[in-house]
>>> print(open('input33.cif').read())   # mmCIF, C-alpha atoms and all ligand atoms
data_data
#
loop_
_atom_site.label_atom_id
_atom_site.label_comp_id
_atom_site.auth_asym_id
_atom_site.auth_seq_id
_atom_site.Cartn_x
_atom_site.Cartn_y
_atom_site.Cartn_z
CA MET A 1 -45.96 -71.96 -37.08
CA LYS A 2 -42.46 -73.44 -37.09
CA THR A 3 -39.74 -72.80 -39.66
CA GLN A 4 -35.96 -72.82 -39.99
CA VAL A 5 -35.44 -69.12 -40.80
CA ALA A 6 -37.95 -66.34 -40.08
CA ILE A 7 -37.21 -63.41 -42.40
CA ILE A 8 -38.50 -59.95 -41.46
CA GLY A 9 -39.11 -57.65 -44.44
CA ALA A 10 -40.03 -58.41 -48.07
CA GLY A 11 -37.86 -55.76 -49.74
CA PRO A 12 -35.05 -56.92 -52.02
CA SER A 13 -32.94 -58.33 -49.12
CA GLY A 14 -35.72 -60.41 -47.61
CA LEU A 15 -37.04 -61.75 -50.92
CA LEU A 16 -33.57 -62.58 -52.27
CA LEU A 17 -32.67 -64.36 -49.05
CA GLY A 18 -35.96 -66.25 -49.01
CA HIS A 19 -35.54 -67.48 -52.59
CA LEU A 20 -31.91 -68.52 -52.06
CA LEU A 21 -32.84 -70.51 -48.95
CA ARG A 22 -35.83 -72.17 -50.65
CA GLN A 23 -33.67 -73.07 -53.64
CA ALA A 24 -31.35 -74.94 -51.25
CA GLY A 25 -34.25 -76.66 -49.50
CA VAL A 26 -34.12 -74.55 -46.31
CA ASP A 27 -37.52 -73.70 -44.81
CA CYS A 28 -38.31 -70.05 -44.30
CA VAL A 29 -41.17 -67.58 -43.98
CA VAL A 30 -41.06 -63.87 -44.86
CA VAL A 31 -43.11 -61.44 -42.74
CA GLU A 32 -43.79 -57.99 -44.24
CA ARG A 33 -45.56 -55.03 -42.66
CA ALA A 34 -46.77 -53.42 -45.90
CA SER A 35 -48.90 -54.61 -48.84
CA PRO A 36 -47.32 -55.81 -52.11
CA ASP A 37 -48.48 -52.62 -53.87
CA TYR A 38 -46.93 -50.42 -51.22
CA VAL A 39 -43.59 -52.26 -51.50
CA LEU A 40 -43.68 -51.90 -55.30
CA GLY A 41 -44.62 -48.22 -55.07
CA ARG A 42 -41.26 -47.23 -53.57
CA ILE A 43 -39.10 -45.86 -56.36
CA ARG A 44 -35.52 -46.47 -55.35
CA ALA A 45 -32.44 -48.05 -56.88
CA GLY A 46 -31.80 -48.11 -60.59
CA VAL A 47 -28.30 -49.48 -61.08
CA LEU A 48 -27.37 -53.11 -60.43
CA GLU A 49 -23.87 -54.52 -59.97
CA THR A 50 -22.96 -57.99 -61.18
CA VAL A 51 -23.21 -59.16 -57.55
CA THR A 52 -26.95 -58.50 -57.75
CA THR A 53 -27.60 -59.67 -61.31
CA ASP A 54 -25.61 -62.89 -60.62
CA LEU A 55 -27.90 -63.72 -57.70
CA MET A 56 -30.96 -63.31 -59.95
CA THR A 57 -29.29 -65.59 -62.50
CA ARG A 58 -28.38 -68.17 -59.85
CA LEU A 59 -32.06 -68.18 -58.88
CA GLY A 60 -33.21 -68.43 -62.51
CA ILE A 61 -35.38 -65.33 -62.00
CA ASP A 62 -33.48 -63.27 -64.54
CA ALA A 63 -35.38 -63.67 -67.82
CA ARG A 64 -37.12 -60.28 -67.75
CA MET A 65 -34.04 -58.54 -66.33
CA GLN A 66 -31.86 -59.92 -69.15
CA ALA A 67 -34.46 -58.93 -71.75
CA GLU A 68 -35.29 -55.44 -70.45
CA GLY A 69 -32.25 -54.36 -68.42
CA LEU A 70 -29.83 -51.92 -70.07
CA VAL A 71 -26.17 -52.90 -69.99
CA GLU A 72 -24.14 -49.78 -69.16
CA ALA A 73 -20.49 -49.75 -70.17
CA GLY A 74 -19.77 -46.34 -68.71
CA PHE A 75 -21.07 -43.36 -66.79
CA ASN A 76 -20.18 -39.67 -66.55
CA LEU A 77 -19.03 -37.20 -63.96
CA ALA A 78 -19.64 -33.60 -64.97
CA THR A 79 -18.70 -30.14 -63.85
CA ASN A 80 -20.62 -27.11 -65.07
CA ASP A 81 -19.57 -27.42 -68.69
CA ARG A 82 -17.54 -30.56 -68.99
CA LEU A 83 -18.36 -34.27 -69.20
CA ILE A 84 -15.80 -36.80 -67.92
CA ARG A 85 -16.68 -40.28 -69.17
CA ILE A 86 -15.66 -43.19 -66.96
CA ASP A 87 -15.38 -46.14 -69.34
CA ILE A 88 -16.07 -48.89 -66.85
CA THR A 89 -15.84 -51.70 -69.36
CA ALA A 90 -12.51 -50.57 -70.84
CA LEU A 91 -11.10 -49.97 -67.35
CA THR A 92 -12.45 -53.06 -65.56
CA GLY A 93 -13.75 -55.46 -68.22
CA ARG A 94 -17.16 -55.33 -66.52
CA HIS A 95 -20.42 -53.37 -66.67
CA VAL A 96 -23.44 -52.40 -64.57
CA MET A 97 -27.09 -52.90 -65.46
CA VAL A 98 -29.91 -50.36 -65.37
CA TYR A 99 -32.95 -52.24 -64.03
CA GLY A 100 -35.20 -50.70 -61.40
CA GLN A 101 -35.49 -52.01 -57.86
CA THR A 102 -39.26 -52.02 -58.43
CA GLU A 103 -38.88 -54.45 -61.33
CA LEU A 104 -36.43 -56.68 -59.49
CA THR A 105 -38.75 -56.79 -56.47
CA ARG A 106 -41.73 -57.56 -58.72
CA ASP A 107 -39.84 -60.46 -60.34
CA LEU A 108 -38.96 -61.89 -56.91
CA MET A 109 -42.56 -61.42 -55.68
CA ASP A 110 -44.07 -63.06 -58.77
CA ALA A 111 -41.74 -66.07 -58.49
CA ALA A 112 -42.55 -66.72 -54.81
CA PRO A 113 -45.72 -68.88 -55.09
CA ASP A 114 -44.21 -71.31 -57.61
CA ARG A 115 -41.13 -71.74 -55.48
CA ASP A 116 -42.98 -72.34 -52.28
CA LEU A 117 -41.73 -69.14 -50.68
CA THR A 118 -44.34 -67.99 -48.16
CA VAL A 119 -44.60 -64.21 -47.78
CA ILE A 120 -47.06 -62.86 -45.21
CA TYR A 121 -47.96 -59.28 -46.20
CA GLU A 122 -49.70 -56.70 -44.01
CA ALA A 123 -48.38 -58.21 -40.78
CA GLY A 124 -48.81 -55.75 -37.89
CA ASP A 125 -46.83 -55.31 -34.66
CA VAL A 126 -43.95 -57.51 -35.81
CA ALA A 127 -41.72 -58.24 -32.80
CA LEU A 128 -38.63 -60.38 -32.17
CA HIS A 129 -38.18 -62.48 -29.03
CA ALA A 130 -35.62 -64.69 -27.22
CA LEU A 131 -32.78 -63.79 -29.58
CA GLU A 132 -30.13 -64.95 -27.12
CA SER A 133 -31.75 -68.37 -26.65
CA ASP A 134 -31.68 -71.26 -29.11
CA ALA A 135 -35.45 -70.92 -29.59
CA PRO A 136 -36.05 -67.40 -30.93
CA PHE A 137 -39.48 -66.44 -32.25
CA VAL A 138 -41.35 -63.71 -34.06
CA THR A 139 -44.85 -62.50 -33.29
CA TYR A 140 -47.17 -60.44 -35.49
CA SER A 141 -50.83 -59.57 -35.74
CA LYS A 142 -53.05 -60.13 -38.73
CA ASP A 143 -56.82 -60.25 -39.19
CA GLY A 144 -57.34 -59.47 -35.52
CA GLU A 145 -55.22 -62.37 -34.27
CA THR A 146 -51.72 -62.67 -32.88
CA HIS A 147 -49.48 -65.20 -34.62
CA ARG A 148 -46.16 -66.75 -33.61
CA ILE A 149 -43.34 -68.13 -35.77
CA ASP A 150 -40.73 -70.29 -34.04
CA ALA A 151 -37.45 -70.49 -35.92
CA ALA A 152 -33.84 -71.58 -35.56
CA PHE A 153 -32.69 -68.15 -36.84
CA ILE A 154 -34.19 -64.74 -37.55
CA ALA A 155 -32.98 -62.63 -40.50
CA GLY A 156 -33.60 -58.90 -40.05
CA CYS A 157 -34.16 -57.61 -43.60
CA ASP A 158 -36.58 -54.87 -42.56
CA GLY A 159 -34.75 -51.78 -43.76
CA PHE A 160 -33.63 -48.73 -41.80
CA HIS A 161 -36.87 -48.25 -39.83
CA GLY A 162 -37.73 -51.89 -39.03
CA PRO A 163 -37.79 -53.53 -35.59
CA SER A 164 -34.86 -55.97 -35.99
CA ARG A 165 -31.96 -53.61 -35.34
CA LYS A 166 -33.87 -52.05 -32.45
CA ALA A 167 -34.27 -55.47 -30.80
CA ILE A 168 -30.54 -55.59 -30.09
CA PRO A 169 -29.72 -54.39 -26.55
CA ALA A 170 -27.91 -51.05 -26.35
CA SER A 171 -24.95 -52.64 -24.56
CA ALA A 172 -24.15 -54.71 -27.68
CA VAL A 173 -24.47 -51.89 -30.21
CA ARG A 174 -21.64 -50.40 -32.27
CA GLU A 175 -22.90 -47.78 -34.72
CA PHE A 176 -21.45 -45.01 -36.88
CA GLU A 177 -23.32 -42.21 -38.64
CA ARG A 178 -22.88 -39.19 -40.88
CA VAL A 179 -25.95 -37.18 -41.85
CA TYR A 180 -25.55 -34.84 -44.83
CA PRO A 181 -27.03 -31.35 -44.86
CA PHE A 182 -29.07 -31.93 -48.02
CA GLY A 183 -31.39 -34.38 -49.74
CA TRP A 184 -32.21 -35.49 -53.27
CA LEU A 185 -35.41 -34.38 -54.95
CA GLY A 186 -36.25 -37.07 -57.52
CA ILE A 187 -38.63 -37.20 -60.47
CA LEU A 188 -39.66 -40.21 -62.55
CA ALA A 189 -41.29 -39.64 -65.95
CA ASP A 190 -42.04 -41.52 -69.14
CA VAL A 191 -39.73 -39.49 -71.35
CA PRO A 192 -36.52 -40.55 -73.11
CA PRO A 193 -33.33 -39.91 -71.10
CA CYS A 194 -31.23 -36.88 -72.07
CA HIS A 195 -28.11 -39.04 -72.39
CA ASP A 196 -27.33 -42.70 -73.11
CA GLU A 197 -25.41 -43.11 -69.87
CA LEU A 198 -25.85 -41.70 -66.35
CA ILE A 199 -24.48 -38.23 -65.59
CA TYR A 200 -23.54 -37.19 -62.04
CA ALA A 201 -23.08 -33.41 -62.23
CA ASN A 202 -21.47 -30.99 -59.78
CA THR A 203 -22.80 -27.57 -60.79
CA ASP A 204 -22.74 -24.15 -59.13
CA ALA A 205 -26.40 -24.70 -58.28
CA GLY A 206 -25.60 -28.03 -56.59
CA PHE A 207 -25.56 -31.72 -57.49
CA ALA A 208 -27.79 -33.24 -60.16
CA LEU A 209 -28.12 -36.77 -61.55
CA ALA A 210 -29.55 -37.83 -64.89
CA SER A 211 -30.51 -41.49 -64.69
CA MET A 212 -33.08 -43.76 -66.30
CA ARG A 213 -35.11 -46.91 -65.98
CA SER A 214 -35.33 -47.66 -69.71
CA LYS A 215 -34.96 -45.94 -73.07
CA THR A 216 -38.37 -44.38 -72.49
CA ARG A 217 -38.38 -43.72 -68.75
CA SER A 218 -36.12 -41.14 -67.07
CA ARG A 219 -35.16 -40.65 -63.47
CA TYR A 220 -33.59 -37.33 -62.42
CA TYR A 221 -32.47 -35.98 -59.07
CA ILE A 222 -31.23 -32.62 -57.81
CA GLN A 223 -29.67 -31.63 -54.51
CA VAL A 224 -32.02 -29.66 -52.24
CA PRO A 225 -31.62 -28.29 -48.69
CA LEU A 226 -32.86 -30.66 -45.97
CA THR A 227 -35.49 -28.10 -45.06
CA ASP A 228 -37.03 -28.19 -48.55
CA ARG A 229 -40.39 -29.89 -49.20
CA VAL A 230 -41.77 -31.50 -52.36
CA GLU A 231 -44.75 -29.14 -52.11
CA ASN A 232 -42.34 -26.23 -52.70
CA TRP A 233 -41.58 -27.59 -56.16
CA SER A 234 -43.81 -27.51 -59.21
CA GLU A 235 -42.93 -30.02 -61.94
CA GLU A 236 -42.21 -27.10 -64.26
CA ARG A 237 -39.71 -25.57 -61.87
CA LEU A 238 -37.89 -28.88 -61.51
CA TRP A 239 -37.76 -29.43 -65.29
CA ASP A 240 -36.37 -25.89 -65.69
CA GLU A 241 -33.60 -26.68 -63.20
CA LEU A 242 -32.78 -29.98 -64.88
CA ALA A 243 -32.68 -28.41 -68.34
CA ALA A 244 -30.41 -25.63 -67.09
CA ARG A 245 -27.96 -28.17 -65.69
CA PHE A 246 -28.02 -30.93 -68.32
CA ASP A 247 -28.81 -29.27 -71.67
CA PRO A 248 -25.29 -27.81 -71.99
CA ILE A 249 -23.58 -31.20 -71.52
CA SER A 250 -25.96 -34.00 -72.54
CA ASP A 251 -26.48 -35.51 -76.01
CA HIS A 252 -30.14 -34.52 -76.12
CA GLN A 253 -32.12 -31.79 -74.44
CA VAL A 254 -34.05 -32.76 -71.32
CA THR A 255 -37.50 -33.97 -72.42
CA ARG A 256 -40.31 -32.95 -70.08
CA GLY A 257 -43.34 -35.02 -69.14
CA PRO A 258 -45.81 -35.57 -66.32
CA ALA A 259 -44.23 -36.86 -63.11
CA LEU A 260 -45.03 -40.48 -62.21
CA GLU A 261 -43.40 -39.82 -58.86
CA MET A 262 -41.68 -36.93 -57.09
CA SER A 263 -40.12 -37.21 -53.64
CA ILE A 264 -37.24 -36.03 -51.45
CA ALA A 265 -34.83 -38.53 -49.89
CA PRO A 266 -32.39 -37.50 -47.15
CA LEU A 267 -28.74 -38.54 -47.46
CA ARG A 268 -27.05 -40.52 -44.73
CA SER A 269 -24.04 -42.76 -44.16
CA TYR A 270 -24.71 -45.29 -41.39
CA VAL A 271 -23.14 -48.55 -40.27
CA PHE A 272 -24.51 -50.71 -37.48
CA GLU A 273 -21.62 -53.09 -36.91
CA THR A 274 -23.58 -55.46 -34.66
CA MET A 275 -24.91 -57.45 -37.60
CA ARG A 276 -25.29 -60.55 -35.46
CA HIS A 277 -26.83 -60.82 -32.03
CA GLY A 278 -27.48 -64.34 -30.77
CA ARG A 279 -29.81 -65.94 -33.32
CA LEU A 280 -30.53 -62.68 -35.17
CA PHE A 281 -28.63 -61.71 -38.33
CA LEU A 282 -29.11 -58.34 -40.05
CA ALA A 283 -28.82 -57.78 -43.81
CA GLY A 284 -29.29 -54.78 -46.10
CA ASP A 285 -30.58 -51.36 -45.02
CA SER A 286 -31.41 -52.67 -41.53
CA ALA A 287 -27.66 -52.63 -40.86
CA HIS A 288 -26.34 -49.88 -43.11
CA ILE A 289 -27.26 -46.89 -45.24
CA VAL A 290 -25.16 -45.26 -47.93
CA PRO A 291 -25.94 -41.97 -49.64
CA PRO A 292 -27.28 -42.87 -53.11
CA THR A 293 -24.32 -41.27 -54.92
CA GLY A 294 -22.58 -44.37 -56.27
CA ALA A 295 -25.67 -46.60 -56.36
CA LYS A 296 -24.47 -48.97 -53.69
CA GLY A 297 -27.43 -49.54 -51.32
CA LEU A 298 -29.29 -52.34 -53.03
CA ASN A 299 -26.06 -53.92 -54.21
CA LEU A 300 -24.72 -54.03 -50.64
CA ALA A 301 -27.97 -55.64 -49.56
CA ALA A 302 -27.37 -58.27 -52.25
CA SER A 303 -23.82 -58.98 -51.09
CA ASP A 304 -24.96 -59.34 -47.45
CA VAL A 305 -27.59 -61.80 -48.62
CA ALA A 306 -25.08 -63.74 -50.71
CA TYR A 307 -22.91 -64.23 -47.60
CA LEU A 308 -25.80 -64.89 -45.23
CA SER A 309 -27.61 -67.39 -47.46
CA ASP A 310 -24.40 -69.39 -47.99
CA ALA A 311 -23.79 -69.37 -44.23
CA LEU A 312 -27.32 -70.50 -43.34
CA ILE A 313 -27.26 -73.18 -46.02
CA ALA A 314 -23.90 -74.48 -44.67
CA HIS A 315 -25.47 -74.65 -41.20
CA PHE A 316 -28.52 -76.64 -42.27
CA ARG A 317 -26.98 -78.78 -44.99
CA ASP A 318 -23.45 -79.45 -43.74
CA ARG A 319 -23.81 -78.69 -40.00
CA ASP A 320 -20.96 -76.22 -40.53
CA ASP A 321 -21.19 -72.92 -38.60
CA ALA A 322 -17.88 -71.37 -39.67
CA ALA A 323 -19.54 -69.06 -42.21
CA LEU A 324 -22.25 -67.97 -39.75
CA GLU A 325 -19.55 -67.13 -37.22
CA GLY A 326 -17.65 -65.17 -39.88
CA TYR A 327 -20.69 -63.43 -41.43
CA GLN A 328 -20.42 -60.11 -39.65
CA ASP A 329 -16.70 -59.57 -40.31
CA LYS A 330 -16.95 -60.64 -43.93
CA ALA A 331 -19.96 -58.43 -44.63
CA LEU A 332 -18.50 -55.41 -42.82
CA ALA A 333 -15.26 -55.53 -44.82
CA ARG A 334 -17.24 -54.97 -48.03
CA ILE A 335 -19.75 -52.58 -46.43
CA TRP A 336 -17.06 -50.17 -45.18
CA LYS A 337 -15.47 -50.02 -48.64
CA ALA A 338 -18.82 -49.20 -50.22
CA GLU A 339 -19.43 -46.62 -47.47
CA ARG A 340 -16.08 -45.07 -48.29
CA PHE A 341 -16.83 -44.86 -52.01
CA SER A 342 -20.35 -43.44 -51.54
CA TRP A 343 -19.03 -40.85 -49.08
CA TYR A 344 -16.14 -39.94 -51.43
CA LEU A 345 -18.43 -39.49 -54.44
CA THR A 346 -20.93 -37.53 -52.33
CA LYS A 347 -18.19 -35.16 -51.14
CA LEU A 348 -16.77 -34.78 -54.65
CA MET A 349 -20.07 -34.06 -56.38
CA HIS A 350 -22.21 -32.00 -53.94
CA ARG A 351 -22.20 -28.40 -52.78
CA PHE A 352 -21.92 -28.45 -48.97
CA PRO A 353 -23.41 -25.36 -47.31
CA GLU A 354 -20.36 -25.02 -45.06
CA ASP A 355 -17.92 -25.09 -48.00
CA GLY A 356 -16.35 -21.94 -49.39
CA ALA A 357 -14.31 -21.00 -52.44
CA PHE A 358 -11.33 -23.09 -51.31
CA GLU A 359 -13.35 -26.33 -51.11
CA HIS A 360 -14.92 -25.62 -54.50
CA ARG A 361 -11.44 -25.23 -55.99
CA MET A 362 -10.46 -28.55 -54.37
CA GLN A 363 -13.44 -30.29 -56.00
CA ALA A 364 -12.63 -28.69 -59.36
CA ALA A 365 -8.97 -29.73 -59.08
CA GLU A 366 -9.92 -33.28 -58.19
CA LEU A 367 -12.36 -33.54 -61.10
CA ASP A 368 -9.69 -32.11 -63.41
CA TYR A 369 -7.28 -34.75 -62.11
CA VAL A 370 -9.87 -37.50 -62.66
CA ALA A 371 -10.34 -36.26 -66.23
CA SER A 372 -6.62 -36.63 -66.96
CA SER A 373 -5.67 -39.72 -64.95
CA GLU A 374 -6.46 -43.27 -65.98
CA ALA A 375 -5.40 -44.45 -62.51
CA MET A 376 -8.06 -42.25 -60.88
CA GLN A 377 -10.67 -43.34 -63.41
CA THR A 378 -9.81 -47.00 -62.79
CA ALA A 379 -10.20 -46.57 -59.02
CA ILE A 380 -13.61 -44.95 -59.55
CA ALA A 381 -14.69 -47.52 -62.14
CA GLU A 382 -13.77 -50.58 -60.05
CA ASN A 383 -15.71 -49.25 -57.08
CA TYR A 384 -18.70 -48.24 -59.21
CA VAL A 385 -18.92 -51.62 -60.89
CA GLY A 386 -18.69 -53.28 -57.47
CA LEU A 387 -15.85 -54.76 -55.44
CA PRO A 388 -15.56 -58.57 -55.54
CA LEU A 389 -17.49 -60.67 -53.02
P1 LIG B 401 -35.95 -52.07 -47.90
O1 LIG B 401 -36.04 -51.99 -49.37
O2 LIG B 401 -36.16 -50.86 -47.10
O3 LIG B 401 -36.97 -53.20 -47.45
C1 LIG B 401 -37.26 -53.45 -46.10
C2 LIG B 401 -38.64 -54.06 -46.00
O4 LIG B 401 -38.94 -54.29 -44.61
C3 LIG B 401 -40.27 -53.88 -44.38
N1 LIG B 401 -40.49 -53.54 -42.97
C4 LIG B 401 -41.10 -54.37 -42.11
N2 LIG B 401 -41.56 -55.61 -42.25
C5 LIG B 401 -42.16 -56.17 -41.16
N3 LIG B 401 -42.32 -55.52 -39.98
C6 LIG B 401 -41.88 -54.27 -39.82
N4 LIG B 401 -42.08 -53.60 -38.68
C7 LIG B 401 -41.22 -53.64 -40.90
N5 LIG B 401 -40.66 -52.43 -41.07
C8 LIG B 401 -40.21 -52.38 -42.34
C9 LIG B 401 -40.46 -52.68 -45.28
O5 LIG B 401 -41.83 -52.42 -45.53
C10 LIG B 401 -39.70 -53.13 -46.53
O6 LIG B 401 -40.53 -53.81 -47.45
O7 LIG B 401 -34.54 -52.67 -47.45
P2 LIG B 401 -33.61 -53.78 -48.17
O8 LIG B 401 -34.45 -54.97 -48.60
O9 LIG B 401 -32.47 -54.00 -47.27
O10 LIG B 401 -33.15 -53.11 -49.53
C11 LIG B 401 -32.30 -52.00 -49.51
C12 LIG B 401 -32.58 -51.09 -50.71
O11 LIG B 401 -33.97 -50.81 -50.77
C13 LIG B 401 -31.79 -49.77 -50.65
O12 LIG B 401 -30.48 -49.99 -50.19
C14 LIG B 401 -31.70 -49.08 -52.02
O13 LIG B 401 -32.97 -48.69 -52.47
C15 LIG B 401 -30.79 -47.86 -51.96
N6 LIG B 401 -30.76 -47.10 -53.21
C16 LIG B 401 -29.98 -47.52 -54.27
N7 LIG B 401 -29.26 -48.68 -54.19
C17 LIG B 401 -28.54 -49.13 -55.25
O14 LIG B 401 -27.89 -50.20 -55.14
N8 LIG B 401 -28.53 -48.46 -56.47
C18 LIG B 401 -29.22 -47.30 -56.64
O15 LIG B 401 -29.22 -46.76 -57.75
C19 LIG B 401 -29.96 -46.76 -55.51
N9 LIG B 401 -30.66 -45.63 -55.61
C20 LIG B 401 -31.50 -45.92 -53.34
C21 LIG B 401 -31.43 -45.19 -54.57
C22 LIG B 401 -32.33 -45.46 -52.31
C23 LIG B 401 -33.05 -44.31 -52.46
N10 LIG B 401 -33.90 -43.92 -51.37
C24 LIG B 401 -35.15 -43.33 -51.51
C25 LIG B 401 -33.58 -44.35 -50.03
C26 LIG B 401 -32.13 -44.03 -54.74
C27 LIG B 401 -32.94 -43.57 -53.67
C28 LIG B 401 -33.64 -42.26 -53.93
C1 LIG B 402 -31.49 -44.09 -59.91
O1 LIG B 402 -31.64 -44.31 -61.12
O2 LIG B 402 -32.46 -44.02 -59.14
C2 LIG B 402 -30.13 -43.90 -59.36
C3 LIG B 402 -29.04 -44.12 -60.18
C4 LIG B 402 -27.75 -43.93 -59.67
C5 LIG B 402 -27.60 -43.55 -58.37
C6 LIG B 402 -28.70 -43.34 -57.54
C7 LIG B 402 -29.97 -43.52 -58.05
O3 LIG B 402 -26.34 -43.35 -57.88
#
>>> encode(input="input33.cif", output="structure tokens")
Amino acid sequence: MKTQVAIIGAGPSGLLLGHLLRQAGVDCVVVERASPDYVLGRIRAGVLETVTTDLMTRLGIDARMQAEGLVEAGFNLATNDRLIRIDITALTGRHVMVYGQTELTRDLMDAAPDRDLTVIYEAGDVALHALESDAPFVTYSKDGETHRIDAAFIAGCDGFHGPSRKAIPASAVREFERVYPFGWLGILADVPPCHDELIYANTDAGFALASMRSKTRSRYYIQVPLTDRVENWSEERLWDELAARFDPISDHQVTRGPALEMSIAPLRSYVFETMRHGRLFLAGDSAHIVPPTGAKGLNLAASDVAYLSDALIAHFRDRDDAALEGYQDKALARIWKAERFSWYLTKLMHRFPEDGAFEHRMQAAELDYVASSEAMQTAIAENYVGLPL
């Protein structure tokens, strides 16, 4: 098979990129290792910046998101007993939207056939070849046969564990990493949220987040040691912890219900600066990871894709390669700022095992300062709502 852009990975990055290219008349094929159900089964992001919702609108795949998404004008930082509301709309004139990554991915998946976007699911042994030549190609196996896709460019949208980043030779690699000594234990349940807006809480027992997917579906997380396992937690024990942390500060008591999903995610900051190698371009989690505090991961994937799709379209439509040449630097400038914000909010809101009483006082003083300073709140709000493209 021959195409203009071979896209590896059908998560949000790969599907968004595929749709944007098809909308501009650029040929592409998406190759995905997993099945559609598996991709939709991953419960991840819940908060979308305008960067992301604007792309869905530009594609005209936003009807359900506009109807069902919740516009959030603010969010809260909390200490043990105190709620500090960050009024993002008053401070920035903007808002974020609560709409799950699962729903966004489903909308992009459902729109693919009508828009002539080919997605090959359950492709095994996906491998990248001849990246430094002008005739790169991808191979994969399916139904007992090996297939080959020749392309002008390959887009690596295959997340943190995919093969694209690993295809870049070690001599070209520049990478930066910070692994945190804890993870987030998450629970999803069909119960009304305990508060109208998100609450990120720094409590003596550790970090906790009250989030949601809708007015009837809640998503909560608590900080757990990296050594912890989901099997160590009964649903009841988790609900007890959440009630202890949120009942004193939220509008309503935590409502309990059967878990639709429970899992532990590790926290990591990671930047792979080599976002271009020959004919390969990386976008989304394949090139960077942020800890989820700050809700930046999916939104960064969307901004990478906004830059990369414009650059590929300029190449094919206008024979102009300036944006492709500039892609890495432009993307990294925004990525590092989002890394900084996610790292800052992670440090401010979590209990680090190595921290003592002094560091806890520093966190308390900073939160007290945030509570009293509009300048601090504005800085937090403009990062939370998303820096401009
Ligand atoms: P994905 O979503 O990982 O998709 C990559 C796709 O590539 C496929 N793949 C392969 N395909 C072919 N061959 C192979 N060998 C392959 N190997 C892998 C995978 O199957 C998959 O389908 O990366 P993408 O598209 O770059 O999207 C990134 C986002 O998923 C991620 O940044 C966010 O989920 C991060 N994130 C959040 N981001 C936000 O913006 N707001 C949030 O509120 C938010 N909350 C979160 C999060 C991530 C979390 N976890 C579990 C990591 C909360 C959590 C708990
Ligand atoms: C979520 O709802 O899953 C969520 C919300 C905000 C975050 C991270 C995750 O910062």
>>> residues_near_ligand(input="input33.cif", ligand="ligand LIG 401 (chain B)", cutoff="7 Å", atoms="all atoms listed in the file", output="PyMOL selection string")
chain A and resi 8-14+31-34+39+43-48+101+123-126+157-163+184+186+265+283-286+289+292+295-301
>>> write_last_selection(input="input33.cif", atoms="C-alpha atoms", output="CSV table (one decimal), in the frame of the given file")
chain,number,residue,atom,x,y,z
A,8,ILE,CA,-38.5,-60.0,-41.5
A,9,GLY,CA,-39.1,-57.6,-44.4
A,10,ALA,CA,-40.0,-58.4,-48.1
A,11,GLY,CA,-37.9,-55.8,-49.7
A,12,PRO,CA,-35.0,-56.9,-52.0
A,13,SER,CA,-32.9,-58.3,-49.1
A,14,GLY,CA,-35.7,-60.4,-47.6
A,31,VAL,CA,-43.1,-61.4,-42.7
A,32,GLU,CA,-43.8,-58.0,-44.2
A,33,ARG,CA,-45.6,-55.0,-42.7
A,34,ALA,CA,-46.8,-53.4,-45.9
A,39,VAL,CA,-43.6,-52.3,-51.5
A,43,ILE,CA,-39.1,-45.9,-56.4
A,44,ARG,CA,-35.5,-46.5,-55.4
A,45,ALA,CA,-32.4,-48.0,-56.9
A,46,GLY,CA,-31.8,-48.1,-60.6
A,47,VAL,CA,-28.3,-49.5,-61.1
A,48,LEU,CA,-27.4,-53.1,-60.4
A,101,GLN,CA,-35.5,-52.0,-57.9
A,123,ALA,CA,-48.4,-58.2,-40.8
A,124,GLY,CA,-48.8,-55.8,-37.9
A,125,ASP,CA,-46.8,-55.3,-34.7
A,126,VAL,CA,-44.0,-57.5,-35.8
A,157,CYS,CA,-34.2,-57.6,-43.6
A,158,ASP,CA,-36.6,-54.9,-42.6
A,159,GLY,CA,-34.8,-51.8,-43.8
A,160,PHE,CA,-33.6,-48.7,-41.8
A,161,HIS,CA,-36.9,-48.2,-39.8
A,162,GLY,CA,-37.7,-51.9,-39.0
A,163,PRO,CA,-37.8,-53.5,-35.6
A,184,TRP,CA,-32.2,-35.5,-53.3
A,186,GLY,CA,-36.2,-37.1,-57.5
A,265,ALA,CA,-34.8,-38.5,-49.9
A,283,ALA,CA,-28.8,-57.8,-43.8
A,284,GLY,CA,-29.3,-54.8,-46.1
A,285,ASP,CA,-30.6,-51.4,-45.0
A,286,SER,CA,-31.4,-52.7,-41.5
A,289,ILE,CA,-27.3,-46.9,-45.2
A,292,PRO,CA,-27.3,-42.9,-53.1
A,295,ALA,CA,-25.7,-46.6,-56.4
A,296,LYS,CA,-24.5,-49.0,-53.7
A,297,GLY,CA,-27.4,-49.5,-51.3
A,298,LEU,CA,-29.3,-52.3,-53.0
A,299,ASN,CA,-26.1,-53.9,-54.2
A,300,LEU,CA,-24.7,-54.0,-50.6
A,301,ALA,CA,-28.0,-55.6,-49.6
>>> closest_residue(input="input33.cif", among="A:Arg317, A:Arg334, A:Lys166, A:Lys347", to="Gly386 of chain A", atoms="only C-alpha atoms")
A:Arg334
>>> closest_residue(input="input33.cif", among="A:Ala208, A:Val179, A:Met262, A:Leu198", to="ligand LIG 402 (chain B)", atoms="all atoms listed in the file")
A:Leu198
>>> axis_aligned_box(input="input33.cif", around="ligand LIG 402 (chain B)", padding_each_side="8 Å", output="JSON")
{"center_x": -29.4, "center_y": -43.8, "center_z": -59.3, "size_x": 22.1, "size_y": 17.0, "size_z": 19.6}
>>> residues_around(input="input33.cif", residues="segment 326-331 of chain A", least_positions_apart="6", cutoff="7 Å", atoms="all atoms listed in the file", output="JSON list (two decimals) with C-alpha atoms, in the frame of the given file")
[["chain", "number", "residue", "atom", "x", "y", "z"],
["A", 275, "MET", "CA", -24.91, -57.45, -37.60],
["A", 276, "ARG", "CA", -25.29, -60.55, -35.46],
["A", 304, "ASP", "CA", -24.96, -59.34, -47.45],
["A", 307, "TYR", "CA", -22.91, -64.23, -47.60],
["A", 308, "LEU", "CA", -25.80, -64.89, -45.23]]
